[in-house]
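Just below is one structure, and these are the notes that go with it.
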Amino acid sequence: MDYRQKRKLSFLTIGLIFLLSGVEYAVILPTIWRYLQLLEAPPYFLGLGLSAFSFSGLVSGPVFGHWSDKTRATKTIILFSNVFEIVGNFMYFMGYSKWLLLSSRLVAGIGAGAGSSIFGFLTRTTLPDERARVFADVMACRQAGLLIGPAFNIFLRLCDFKLGPFVVNKYTSPGLFMCGMWVLMQFAVMVLYWDIPPLDSFPEQHMPLREVRGEEDEPLMSLEDEHMAAAEDSYGSVSPEQTETQLSSELPPSPPDSPSLDTADPFENFSASQEFLREEVVVLLTAQFITLFNQTALETMVTPLTQKYFGFGELGNSVMYSLCGVEVIAGFFLVRWLSRVLEDRVVLAVGLLICSGACVWCLIFLANPQGGFAFELTEFIIGVFLQLLGLPFVAVSQVSLFSKVTAEKTQGFSQGVRRSVGGLATILGPLWAGGLIGNLYVMLGMMMLLLTLIMLNYSYIYCFVQTVTIIDPVN
């Protein structure tokens with residue numbers, strides 16, 4: 001099996017991992033509140049249970065990322081992290097007490113920290129011009145999991161039997177189901193995933209990927225750039241219509257599987273302050289935090305709002321979330337297409353503008369809805385549509401840009417820091433919104449202020465980001 005086949009199988013496995021993480025969120029979330037009530041947990045345990053998963057992922061992400069940078073053993077890290085997912089979901093299935101349930105989400109969240117290692121692996125095995133498309137595919141996989149996850153609850157809610165000493169019902173069955181799915185994923189990782197060498201470890205004449213460009217492609221390339229060009233459509237975990245990479249006849253049919261790797265410690269001359277306190281990195285991390293803070297705050301606000309003004313029940317909210325999932329997936333594919341013709345920094349600017357417009361709309365029309373049911377529903381739909389439309393633009397572009405302005409050798413740790421910043425936002429966003437559901441002007445006003453600040457900072461740094469060296473800028 002040559003490098004290209006191993007690469008495609010590894011990317012496919014990563015897509016399945018992100019798909020499963022979306023399914024887990026979608027099958028756990030609808031049942032956890034009632035599950036906690038049956039265990040006589042106070043209302044604040046719902047917030048603790050949801051935040052516990054993000055908190056442990058926030059802590060474990062940099063640790064797994066550091067491990068992958070030191071050893072490049074991403075497969076081992078994924079297998080190890082999946083054990084926490086298996087154990088955590090089995091603890092959720094057991095559910096003897098509210099504390100065990102809370103602990104189960106903490107344990108499962110540790111497994112989510114492997115995402116930093118995965119993004120580090122993707123950065124090292126993709127070329128800059130194809131990276132945004134690969135990231136968009138991976139993120140779309142998670143959104144697909146969020147979309148199809150509720151379908152599993154259709155049969156999980158029918159469960160009503162005993163398995164030894166354990167009761168299997170509609171509240172405990174999601175834990176057992178996800179435990180089994182993560183066990184199956186372990187076998188998939190062992191069979192399909194390969195720790196392929198980074199592209200920069202190959203001698204230039206043995207570069208395994210090369211694209212045959214037509215005359216219409218711009219512009220003329222140097223010989224060195226031509227050897228480094230990537231096949232734009234080599235990733236195929238989501239879009240089956242993608243075409244096979246064309247290879248240059250001068251290259252050997254099977255590049256060496258284990259080219260000589262740089263065994264030097266990637267953290268030998270590493271400085272966190274020099275890496276993360278540079279202007280462009282701070283702007284991207286801030287964009288990550290503000291976008292996820294606003295997104296989770298609005299998600300917290302939506303259900304009480306639909307209940308108060310539109311009388312939505314479980315069915316209405318389920319339909320709404322399904323339609324939102326379809327829009328987000330379509331948004332990721334739109335961004336994937338736009339990344340062929342637009343630079344990442346332009347895509348990020350468009351996303352921030354859309355998010356700002358959505359926040360202004362919500363501040364004007366949703367903070368105090370008026371005008372009757374039909375008019376209020378239209379205002380609500382437009383606000384949600386705009387907010388979800390901007391999310392893929394910001395999510396994909398800031399991850400891709402971040403991978404280009406941070407050192408490639410320590411990419412796993414850097415991605416762990418980035419995901420930790422996002423995890424902090426997903427914890428604070430619902431807490432902020434939960435206390436201000438009755439005062440939407442204050443809640444939305446703060447969100448608008450944050451977006452204004454990041455827009456001003458981004459406009460200042462916009463031209464600088466264009467000139468940043470995109471591969472290993474620190475070393």
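We name chains A, B, ... following the order of the structure tokens; residues begin at 1 in each chain, and ligands are numbered from 1 as shown.
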
Using only C-alpha atoms, what does the table of region 306-414 of chain A residues within 12 Å of region 68-74 of chain A look like, with each row giving the shortest atom pair and its distance in Å to one decimal, sorted by chain and ascending number, as CSV?
```
residue,atom,partner,partner_atom,distance
A:Ala407,CA,A:Asp69,CA,10.8
A:Glu408,CA,A:Asp69,CA,9.2
A:Lys409,CA,A:Asp69,CA,6.5
A:Thr410,CA,A:Asp69,CA,5.5
A:Gln411,CA,A:Asp69,CA,6.9
A:Gly412,CA,A:Asp69,CA,5.6
A:Phe413,CA,A:Asp69,CA,6.9
A:Ser414,CA,A:Asp69,CA,9.7
```

Please produce a file of the residues just selected, as a compact mmCIF listing (two decimals), in the first residue's frame, where the atoms kept are C-alpha atoms.
```txt
# COMPACT_ATOMS: atom_id res chain seq x y z
CA ALA A 407 5.31 26.15 14.01
CA GLU A 408 4.60 22.89 12.23
CA LYS A 409 6.88 20.85 14.50
CA THR A 410 4.78 21.74 17.57
CA GLN A 411 1.45 21.79 15.76
CA GLY A 412 -0.20 19.24 18.04
CA PHE A 413 0.44 21.32 21.16
CA SER A 414 -0.57 24.52 19.37
```

Which residue gives the smallest distance to Ile118 (chain A) among A:Asn439, A:Gln415, A:Thr31, A:Ser60, with only C-alpha atoms counted?
->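 The closest residue to Ile118 (chain A) is A:Gln415.
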
Please identify all polymer residues within 10 Å of region 95-103 of chain A, counting only C-alpha atoms, omitting same-chain residues fewer than 2 positions from it, and present them as a count of residues only.
-> 33

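Close contacts of Cys141 (chain A), defined as residues with an atom at most 6 Å away when counting only C-alpha atoms, with chain neighbours fewer than 4 positions off set aside, comprise Gly15, Phe18 and Leu19 of chain A.
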
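Distances to Phe187 (chain A) were evaluated for A:Ala395, A:Leu79, A:Leu9, A:Ala26 using only C-alpha atoms, and the minimum falls at A:Leu79.
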
CA of Met320 (chain A) to CA of Phe385 (chain A), distance in Å rounded to a single decimal |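 According to the coordinates, CA of Met320 (chain A) and CA of Phe385 (chain A) are separated by 10.9 Å.
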
For Glu327 (chain A), the nearest of the candidates A:Ile427, A:Leu451, A:Met446, A:Leu386, counting only C-alpha atoms =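 Between A:Ile427, A:Leu451, A:Met446, A:Leu386, the residue approaching Glu327 (chain A) most closely is A:Leu386.
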
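Using only C-alpha atoms, the residues found no farther than 10 Å from Ala330 (chain A), other than those of its own chain fewer than 5 positions away, are Ala140, Gln143, Cys324, Gly325, Val335, Arg336, Leu389 and Pro392 of chain A.
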
Select, from A:Ser273, A:Tyr193, A:Tyr25, A:Gly372, the residue with the minimum atom-to-atom distance to Lys6 (chain A), counting only C-alpha atoms.
->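 The shortest atom-to-atom distance to Lys6 (chain A) comes from A:Tyr193.
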
Mind pulling up the distance from CA of Gly383 (chain A) to CA of Trp361 (chain A)?
->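 Value for the CA of Trp361 (chain A)-CA of Gly383 (chain A) distance: 6.1 Å.
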
Which neighbours of Phe333 (chain A) fall inside 12 Å, counting only C-alpha atoms, when residues of the same chain fewer than 3 positions from it are skipped, and could you give them as a ChimeraX atom specification?
-> /A:132-141,143-144,238-239,326-330,336-340,389,392-393,396

Restrict the selected residues to N, CA and C atoms and save them as a compact mmCIF listing (two decimals), in the first residue's frame.
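Everything below was put into out_2.txt:
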```txt
# COMPACT_ATOMS: atom_id res chain seq x y z
N ALA A 132 -7.40 24.02 4.05
CA ALA A 132 -8.73 24.51 4.40
C ALA A 132 -9.82 23.54 3.95
N ARG A 133 -9.65 22.93 2.80
CA ARG A 133 -10.64 21.98 2.30
C ARG A 133 -10.68 20.73 3.15
N VAL A 134 -9.51 20.26 3.57
CA VAL A 134 -9.47 19.08 4.44
C VAL A 134 -10.14 19.38 5.78
N PHE A 135 -9.82 20.53 6.37
CA PHE A 135 -10.43 20.90 7.64
C PHE A 135 -11.95 21.05 7.50
N ALA A 136 -12.40 21.61 6.37
CA ALA A 136 -13.84 21.76 6.15
C ALA A 136 -14.53 20.40 6.09
N ASP A 137 -13.88 19.43 5.43
CA ASP A 137 -14.46 18.09 5.35
C ASP A 137 -14.58 17.45 6.74
N VAL A 138 -13.53 17.58 7.53
CA VAL A 138 -13.53 16.99 8.87
C VAL A 138 -14.62 17.61 9.73
N MET A 139 -14.73 18.94 9.69
CA MET A 139 -15.75 19.62 10.49
C MET A 139 -17.15 19.28 10.00
N ALA A 140 -17.30 19.10 8.70
CA ALA A 140 -18.59 18.70 8.16
C ALA A 140 -18.99 17.32 8.65
N CYS A 141 -18.02 16.45 8.85
CA CYS A 141 -18.30 15.11 9.39
C CYS A 141 -18.94 15.20 10.78
N GLN A 143 -20.62 17.74 11.98
CA GLN A 143 -21.96 18.28 11.81
C GLN A 143 -22.92 17.22 11.28
N ALA A 144 -22.42 16.34 10.41
CA ALA A 144 -23.25 15.24 9.92
C ALA A 144 -23.65 14.33 11.08
N VAL A 238 -15.72 12.70 2.86
CA VAL A 238 -17.07 13.24 2.86
C VAL A 238 -17.66 13.30 1.47
N SER A 239 -16.86 13.81 0.50
CA SER A 239 -17.39 14.04 -0.84
C SER A 239 -16.98 12.91 -1.77
N VAL A 326 -28.56 20.91 8.63
CA VAL A 326 -28.44 20.89 7.18
C VAL A 326 -27.76 22.16 6.68
N GLU A 327 -28.15 23.31 7.25
CA GLU A 327 -27.55 24.57 6.82
C GLU A 327 -26.06 24.62 7.13
N VAL A 328 -25.68 24.16 8.32
CA VAL A 328 -24.27 24.20 8.70
C VAL A 328 -23.43 23.30 7.79
N ILE A 329 -23.92 22.10 7.50
CA ILE A 329 -23.19 21.19 6.61
C ILE A 329 -23.04 21.83 5.23
N ALA A 330 -24.13 22.41 4.72
CA ALA A 330 -24.04 23.10 3.43
C ALA A 330 -23.05 24.25 3.49
N ARG A 336 -15.64 25.09 1.64
CA ARG A 336 -14.68 24.21 0.96
C ARG A 336 -14.48 24.64 -0.48
N TRP A 337 -15.58 25.00 -1.15
CA TRP A 337 -15.49 25.46 -2.53
C TRP A 337 -14.83 26.83 -2.62
N LEU A 338 -15.20 27.74 -1.72
CA LEU A 338 -14.65 29.09 -1.75
C LEU A 338 -13.15 29.10 -1.47
N SER A 339 -12.68 28.11 -0.69
CA SER A 339 -11.26 28.09 -0.36
C SER A 339 -10.39 27.83 -1.58
N ARG A 340 -10.99 27.38 -2.68
CA ARG A 340 -10.23 27.20 -3.91
C ARG A 340 -9.91 28.54 -4.56
N LEU A 389 -24.85 30.73 9.20
CA LEU A 389 -24.14 30.92 7.95
C LEU A 389 -22.70 31.37 8.19
N PRO A 392 -19.38 28.37 9.69
CA PRO A 392 -18.37 27.60 8.94
C PRO A 392 -17.25 28.49 8.38
N PHE A 393 -17.57 29.71 7.98
CA PHE A 393 -16.55 30.61 7.45
C PHE A 393 -15.46 30.85 8.49
N VAL A 396 -13.53 27.22 9.80
CA VAL A 396 -12.55 26.61 8.90
C VAL A 396 -11.36 27.53 8.69
```

Which distance in Å separates CA of Ala112 (chain A) and CA of Leu158 (chain A), to one decimal?
->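 CA of Leu158 (chain A) lies 28.6 Å from CA of Ala112 (chain A).
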